[in-house]
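Content type TSV, C-alpha atoms, from the file run-v9.tsv:
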```tsv
chain	number	residue	atom	x	y	z
U	1	ILE	CA	101.05	83.71	111.57
U	2	ALA	CA	97.37	84.64	111.19
U	3	SER	CA	98.09	88.25	112.17
U	4	LYS	CA	100.90	88.48	109.62
U	5	THR	CA	98.65	87.04	106.91
U	6	LEU	CA	95.91	89.59	107.58
U	7	ALA	CA	98.45	92.45	107.74
U	8	ASN	CA	99.83	91.34	104.37
U	9	ARG	CA	96.30	91.43	103.00
U	10	GLY	CA	95.87	95.06	103.99
U	11	TYR	CA	94.37	94.87	107.48
U	12	SER	CA	95.47	96.99	110.45
U	13	GLU	CA	95.55	95.31	113.86
U	14	VAL	CA	93.74	97.03	116.72
U	15	ILE	CA	93.10	96.30	120.40
U	16	THR	CA	89.68	97.29	121.75
U	17	PHE	CA	87.85	97.06	125.09
U	18	SER	CA	86.14	93.75	125.92
U	19	PHE	CA	83.20	95.75	127.32
U	20	ILE	CA	80.17	97.15	125.45
U	21	ASN	CA	76.75	98.55	126.32
U	22	GLU	CA	73.59	96.48	126.69
U	23	VAL	CA	72.11	97.39	123.29
U	24	MET	CA	75.25	96.34	121.46
U	25	ALA	CA	75.53	93.13	123.50
U	26	LYS	CA	71.99	92.13	122.52
U	27	GLN	CA	72.66	92.97	118.84
U	28	PHE	CA	75.38	90.32	118.92
U	29	ASN	CA	73.32	87.66	120.73
U	30	GLY	CA	74.69	88.53	124.16
U	31	GLY	CA	73.46	90.62	127.06
U	32	ILE	CA	72.87	87.75	129.49
U	33	GLU	CA	72.75	88.61	133.18
U	34	GLU	CA	75.90	86.62	134.01
U	35	LEU	CA	77.98	88.93	131.80
U	36	ILE	CA	76.88	92.24	133.29
U	37	LEU	CA	79.78	93.95	135.05
U	38	VAL	CA	79.32	94.61	138.78
U	39	ASN	CA	81.44	97.79	138.73
U	40	PRO	CA	81.53	99.08	135.13
U	41	ILE	CA	84.04	101.83	134.35
U	42	SER	CA	81.26	103.75	132.55
U	43	SER	CA	77.54	103.43	131.79
U	44	GLU	CA	78.47	102.63	128.18
U	45	LEU	CA	80.71	99.69	129.13
U	46	THR	CA	78.43	97.45	131.16
U	47	HIS	CA	78.53	94.05	129.41
U	48	MET	CA	81.25	91.62	128.35
U	49	ARG	CA	81.29	91.39	124.55
U	50	PRO	CA	79.87	88.27	122.84
U	51	SER	CA	81.68	89.13	119.58
U	52	ILE	CA	84.76	91.22	118.72
U	53	ILE	CA	82.87	92.55	115.69
U	54	SER	CA	80.89	94.79	118.06
U	55	THR	CA	83.97	96.66	119.28
U	56	LEU	CA	85.54	96.72	115.80
U	57	LEU	CA	82.43	98.54	114.61
U	58	VAL	CA	82.94	101.17	117.32
U	59	ALA	CA	86.55	101.63	116.17
U	60	ALA	CA	85.41	101.84	112.54
U	61	GLN	CA	82.73	104.37	113.50
U	62	ARG	CA	85.37	106.63	115.07
U	63	ASN	CA	87.43	106.47	111.87
U	64	LEU	CA	84.34	107.21	109.76
U	65	ASN	CA	83.66	110.29	111.89
U	66	LEU	CA	87.19	111.47	111.01
U	67	GLY	CA	86.38	111.19	107.30
U	68	ILE	CA	88.07	107.82	106.65
U	69	ASP	CA	85.78	106.03	104.17
U	70	THR	CA	87.87	102.90	103.52
U	71	LEU	CA	89.09	100.69	106.34
U	72	SER	CA	90.24	97.15	107.12
U	73	LEU	CA	90.66	96.25	110.81
U	74	PHE	CA	91.25	93.03	112.74
U	75	GLU	CA	91.72	91.99	116.34
U	76	VAL	CA	92.80	88.82	118.14
U	77	GLY	CA	91.16	88.60	121.53
U	78	PRO	CA	88.57	87.07	123.86
U	79	ILE	CA	84.80	86.89	123.58
U	80	PHE	CA	82.41	85.78	126.31
U	81	LYS	CA	79.43	83.41	126.03
U	82	GLY	CA	78.91	82.85	129.77
U	83	ASP	CA	80.64	83.16	133.15
U	84	LYS	CA	82.33	79.75	133.22
U	85	PRO	CA	86.02	79.37	132.23
U	86	ASP	CA	85.12	77.43	129.07
U	87	ASP	CA	82.77	80.26	128.02
U	88	GLN	CA	85.69	82.61	127.33
U	89	ILE	CA	86.68	81.96	123.72
U	90	SER	CA	89.60	83.34	121.72
U	91	SER	CA	88.82	84.55	118.22
U	92	ILE	CA	90.30	86.43	115.29
U	93	SER	CA	87.81	88.93	113.92
U	94	GLY	CA	88.00	91.54	111.18
U	95	LEU	CA	85.99	93.90	109.06
U	96	ARG	CA	86.35	95.76	105.80
U	97	PHE	CA	84.40	98.60	104.24
U	98	GLY	CA	84.92	101.06	101.42
U	99	SER	CA	86.87	100.80	98.20
U	100	LYS	CA	89.39	98.10	97.36
U	101	VAL	CA	90.13	99.88	94.05
U	102	LYS	CA	90.00	103.67	93.91
U	103	LYS	CA	88.53	105.32	90.83
U	104	ASP	CA	91.05	106.86	88.45
U	105	TRP	CA	91.56	107.28	84.71
U	106	LYS	CA	92.07	103.54	84.14
U	107	ASN	CA	90.07	101.93	86.96
U	108	SER	CA	86.42	102.11	87.94
U	109	LEU	CA	85.51	102.20	91.64
U	110	GLN	CA	85.35	98.73	93.26
U	111	ASP	CA	84.10	98.20	96.80
U	112	PHE	CA	84.92	95.28	99.08
U	113	ASP	CA	82.41	92.44	98.87
U	114	PHE	CA	81.57	89.09	100.47
U	115	TYR	CA	84.03	87.18	98.30
U	116	ASP	CA	86.96	89.41	99.26
U	117	VAL	CA	86.42	88.79	102.96
U	118	LYS	CA	85.74	85.07	102.47
U	119	LEU	CA	89.07	84.83	100.64
U	120	ASP	CA	90.75	86.65	103.56
U	121	VAL	CA	89.33	83.99	105.90
U	122	LEU	CA	90.43	81.09	103.69
U	123	LYS	CA	93.96	82.47	103.32
U	124	THR	CA	94.20	83.04	107.08
U	125	LEU	CA	92.98	79.52	107.86
U	126	GLU	CA	95.40	78.11	105.31
U	127	SER	CA	98.28	79.99	106.98
U	128	ILE	CA	97.54	78.25	110.31
U	129	GLY	CA	97.43	74.80	108.80
U	130	VAL	CA	93.78	74.23	107.87
U	131	LYS	CA	93.20	72.16	104.74
U	132	ILE	CA	90.70	74.30	102.87
U	133	ASN	CA	89.05	71.28	101.21
U	134	SER	CA	88.13	70.00	104.70
U	135	LEU	CA	85.78	72.97	105.28
U	136	GLN	CA	82.04	72.66	104.78
U	137	THR	CA	79.98	75.77	104.05
U	138	TYR	CA	76.54	76.41	105.58
U	139	GLU	CA	74.10	79.31	105.45
U	140	ASN	CA	72.96	79.58	109.09
U	141	ALA	CA	75.19	82.50	110.16
U	142	PRO	CA	74.36	84.37	113.39
U	143	SER	CA	71.57	86.96	113.22
U	144	TYR	CA	74.01	89.89	113.18
U	145	PHE	CA	74.97	88.90	109.64
U	146	HIS	CA	72.86	89.55	106.53
U	147	PRO	CA	70.87	86.31	106.06
U	148	GLY	CA	71.46	86.14	102.30
U	149	ARG	CA	75.07	87.33	102.22
U	150	SER	CA	76.85	85.29	104.85
U	151	ALA	CA	78.22	81.82	105.49
U	152	VAL	CA	79.39	79.51	108.25
U	153	LEU	CA	82.50	77.37	107.81
U	154	LYS	CA	82.78	74.11	109.75
U	155	ILE	CA	84.99	71.06	109.97
U	156	GLY	CA	82.61	68.27	110.96
U	157	GLN	CA	80.53	69.70	113.82
U	158	LYS	CA	83.21	72.24	114.80
U	159	LEU	CA	82.44	75.89	114.02
U	160	ILE	CA	85.56	77.38	112.43
U	161	ALA	CA	84.40	80.75	111.09
U	162	ASN	CA	81.49	83.08	110.37
U	163	VAL	CA	81.82	85.44	107.41
U	164	GLY	CA	79.56	87.87	105.59
U	165	GLU	CA	77.90	91.25	105.40
U	166	ILE	CA	76.86	92.73	108.73
U	167	HIS	CA	73.09	93.04	109.02
U	168	PRO	CA	71.94	96.44	107.65
U	169	GLN	CA	69.97	97.22	110.83
U	170	ILE	CA	73.23	97.06	112.81
U	171	THR	CA	75.29	99.09	110.33
U	172	ASP	CA	72.51	101.72	110.33
U	173	PHE	CA	72.67	101.83	114.14
U	174	TYR	CA	76.41	102.62	113.96
U	175	GLY	CA	75.85	105.29	111.30
U	176	PHE	CA	77.29	103.51	108.27
U	177	LYS	CA	75.68	104.25	104.91
U	178	ASN	CA	77.44	101.43	103.02
U	179	SER	CA	77.84	97.69	103.54
U	180	ILE	CA	80.39	96.32	106.00
U	181	PHE	CA	81.83	92.84	105.55
U	182	SER	CA	83.19	90.98	108.52
U	183	PHE	CA	84.44	87.65	109.82
U	184	GLU	CA	85.22	85.80	113.03
U	185	ILE	CA	87.55	82.80	113.18
U	186	PHE	CA	87.39	80.44	116.16
U	187	TYR	CA	90.87	78.99	115.88
U	188	GLU	CA	90.63	77.00	119.11
U	189	ASN	CA	88.03	74.81	117.35
U	190	ILE	CA	90.45	73.74	114.61
U	191	PRO	CA	91.12	70.01	115.02
U	192	THR	CA	94.75	69.17	115.74
U	193	PRO	CA	96.27	66.69	113.29
U	194	LYS	CA	96.37	63.14	114.56
U	195	LYS	CA	99.89	61.86	115.12
U	196	VAL	CA	100.76	58.97	112.87
U	197	LYS	CA	102.17	56.00	114.74
U	198	VAL	CA	105.31	54.70	113.12
U	199	SER	CA	106.09	51.06	113.78
U	200	ARG	CA	109.74	50.51	114.57
U	201	PRO	CA	111.57	47.49	113.17
U	202	MET	CA	112.33	44.82	115.76
```

Spell out the structure here as structure tokens.
Amino acid sequence: IASKTLANRGYSEVITFSFINEVMAKQFNGGIEELILVNPISSELTHMRPSIISTLLVAAQRNLNLGIDTLSLFEVGPIFKGDKPDDQISSISGLRFGSKVKKDWKNSLQDFDFYDVKLDVLKTLESIGVKINSLQTYENAPSYFHPGRSAVLKIGQKLIANVGEIHPQITDFYGFKNSIFSFEIFYENIPTPKKVKVSRPM
């Protein structure tokens, strides 16, 4: 359902490697020794990824090199916070950059912004049964997001999603001149509805 919602909102689904290099791993708060591969398939794929955004940026970079200046990608897949079974987490991550409205005789150019991607997240969460009014918004997004243009969505203490502009230092590293807006949804953290007990008549 989530994939269909994002596709309907203009995203293309991709599948990327779960491996990245050490520099990228550390950019996304990873790079711990436990997640270094013993026999990497290349010197550029040595660490398990701590965030899908890292590999989406590589895919976006390839498209940018081909002259594609507007792109919306998402992936459903695993991320790795440690080497224990519970440290492998499933997430839905996406990114957008470029123009949502192309310039023509009746429209001025409009680029994607934070509110577009936040709406994508809310619509996706809604499609998988989350009551939007149950979400609380906080500002302490991970360091790979822009500190003033990002948000964290929680239900109680459960982290549901991170959303915002990717930190300019990271987008510069990947060769992007313009802002990139991204999100990650941790759908396994969504509380399951409590079953209502129905008393049966005697």

For Ile53 in chain U, which residue out of U:Ser18, U:Ser99, U:Asn133, U:Asn178 is the nearest one, using only C-alpha atoms?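 Of the candidates, the smallest distance to Ile53 in chain U is held by U:Ser18.
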
Excluding Ile180 in chain U and residues on its chain fewer than 6 positions from it, collect all residues at most 7 Å away from it, counting all atoms listed in the file, and give them as a short mmCIF file (atom, residue, chain, number, x, y, z; two decimals) with C-alpha atoms, in the frame of the given file.
```
data_model
loop_
_atom_site.label_atom_id
_atom_site.label_comp_id
_atom_site.auth_asym_id
_atom_site.auth_seq_id
_atom_site.Cartn_x
_atom_site.Cartn_y
_atom_site.Cartn_z
CA LEU U 95 85.99 93.90 109.06
CA ARG U 96 86.35 95.76 105.80
CA PHE U 97 84.40 98.60 104.24
CA GLU U 165 77.90 91.25 105.40
CA ILE U 166 76.86 92.73 108.73
#
```

Between range 71-154 of chain U and range 2-6 of chain U, at 12 Å or less, what are the per-residue closest atom pairs and their distances in Å? Count all atoms listed in the file, order by chain and rising residue number, and return it as JSON lines.
```
{"residue": "U:Ser72", "atom": "CA", "partner": "U:Leu6", "partner_atom": "CA", "distance": 9.5}
{"residue": "U:Leu73", "atom": "CA", "partner": "U:Leu6", "partner_atom": "CA", "distance": 9.1}
{"residue": "U:Phe74", "atom": "CA", "partner": "U:Leu6", "partner_atom": "CA", "distance": 7.8}
{"residue": "U:Glu75", "atom": "CA", "partner": "U:Ser3", "partner_atom": "CA", "distance": 8.5}
{"residue": "U:Val76", "atom": "CA", "partner": "U:Ser3", "partner_atom": "CA", "distance": 8.0}
{"residue": "U:Gly77", "atom": "CA", "partner": "U:Ser3", "partner_atom": "CA", "distance": 11.7}
{"residue": "U:Ser91", "atom": "CA", "partner": "U:Ala2", "partner_atom": "CA", "distance": 11.1}
{"residue": "U:Ile92", "atom": "CA", "partner": "U:Ala2", "partner_atom": "CA", "distance": 8.4}
{"residue": "U:Ser93", "atom": "CA", "partner": "U:Leu6", "partner_atom": "CA", "distance": 10.3}
{"residue": "U:Gly94", "atom": "CA", "partner": "U:Leu6", "partner_atom": "CA", "distance": 8.9}
{"residue": "U:Leu95", "atom": "CA", "partner": "U:Leu6", "partner_atom": "CA", "distance": 10.9}
{"residue": "U:Arg96", "atom": "CA", "partner": "U:Leu6", "partner_atom": "CA", "distance": 11.5}
{"residue": "U:Val117", "atom": "CA", "partner": "U:Leu6", "partner_atom": "CA", "distance": 10.6}
{"residue": "U:Leu119", "atom": "CA", "partner": "U:Leu6", "partner_atom": "CA", "distance": 10.8}
{"residue": "U:Asp120", "atom": "CA", "partner": "U:Leu6", "partner_atom": "CA", "distance": 7.2}
{"residue": "U:Val121", "atom": "CA", "partner": "U:Leu6", "partner_atom": "CA", "distance": 8.8}
{"residue": "U:Leu122", "atom": "CA", "partner": "U:Thr5", "partner_atom": "CA", "distance": 10.6}
{"residue": "U:Lys123", "atom": "CA", "partner": "U:Thr5", "partner_atom": "CA", "distance": 7.5}
{"residue": "U:Thr124", "atom": "CA", "partner": "U:Ala2", "partner_atom": "CA", "distance": 5.4}
{"residue": "U:Leu125", "atom": "CA", "partner": "U:Ala2", "partner_atom": "CA", "distance": 7.5}
{"residue": "U:Glu126", "atom": "CA", "partner": "U:Ala2", "partner_atom": "CA", "distance": 9.0}
{"residue": "U:Ser127", "atom": "CA", "partner": "U:Ala2", "partner_atom": "CA", "distance": 6.3}
{"residue": "U:Ile128", "atom": "CA", "partner": "U:Ala2", "partner_atom": "CA", "distance": 6.5}
{"residue": "U:Gly129", "atom": "CA", "partner": "U:Ala2", "partner_atom": "CA", "distance": 10.1}
{"residue": "U:Val130", "atom": "CA", "partner": "U:Ala2", "partner_atom": "CA", "distance": 11.5}
```

Neighbouring residues of Ala59 in chain U were defined as those with any atom within 9 Å, considering all atoms listed in the file; residues of the same chain fewer than 5 positions away were excluded. Please report them as a compact mmCIF listing (two decimals) with C-alpha atoms, keeping the file's coordinate frame.
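Produced file out31.txt, reproduced below:
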```txt
# COMPACT_ATOMS: atom_id res chain seq x y z
CA VAL U 14 93.74 97.03 116.72
CA THR U 16 89.68 97.29 121.75
CA LEU U 64 84.34 107.21 109.76
CA LEU U 73 90.66 96.25 110.81
```

As an exercise, work out the distance from CA of Asn162 in chain U to CA of Glu184 in chain U in Å and give it to one decimal place.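 One can read the CA of Asn162 in chain U to CA of Glu184 in chain U distance as 5.3 Å.
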
Using all atoms listed in the file: which of U:Ala7, U:Phe114, U:Asn189, U:Val163 has the shortest distance to Thr137 in chain U: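 Of U:Ala7, U:Phe114, U:Asn189, U:Val163, the one nearest Thr137 in chain U, counting all atoms listed in the file, is U:Val163.
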
Step by step, gather every atom of range 53-60 of chain U that the file lists, find the box along x, y and z that holds them, add 6 Å on each side, and finally give centre and edge lengths in Å to one decimal, as AutoDock Vina command-line options.
```
--center_x 83.7 --center_y 97.2 --center_z 115.9 --size_x 17.7 --size_y 21.3 --size_z 18.7
```

Using only C-alpha atoms, what residues lie at most 9 Å away from (77.0, 87.8, 135.0) (file coordinates), given as a ChimeraX atom specification? /U:32-38,47-48,82-83

Atomic separation - CA of Pro50 in chain U relative to CA of Tyr174 in chain U, Å: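 Separation between CA of Tyr174 in chain U and CA of Pro50 in chain U: 17.2 Å.
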
How far is it from CA of Pro78 in chain U to CA of Leu66 in chain U, in Å with one decimal? 27.6 Å
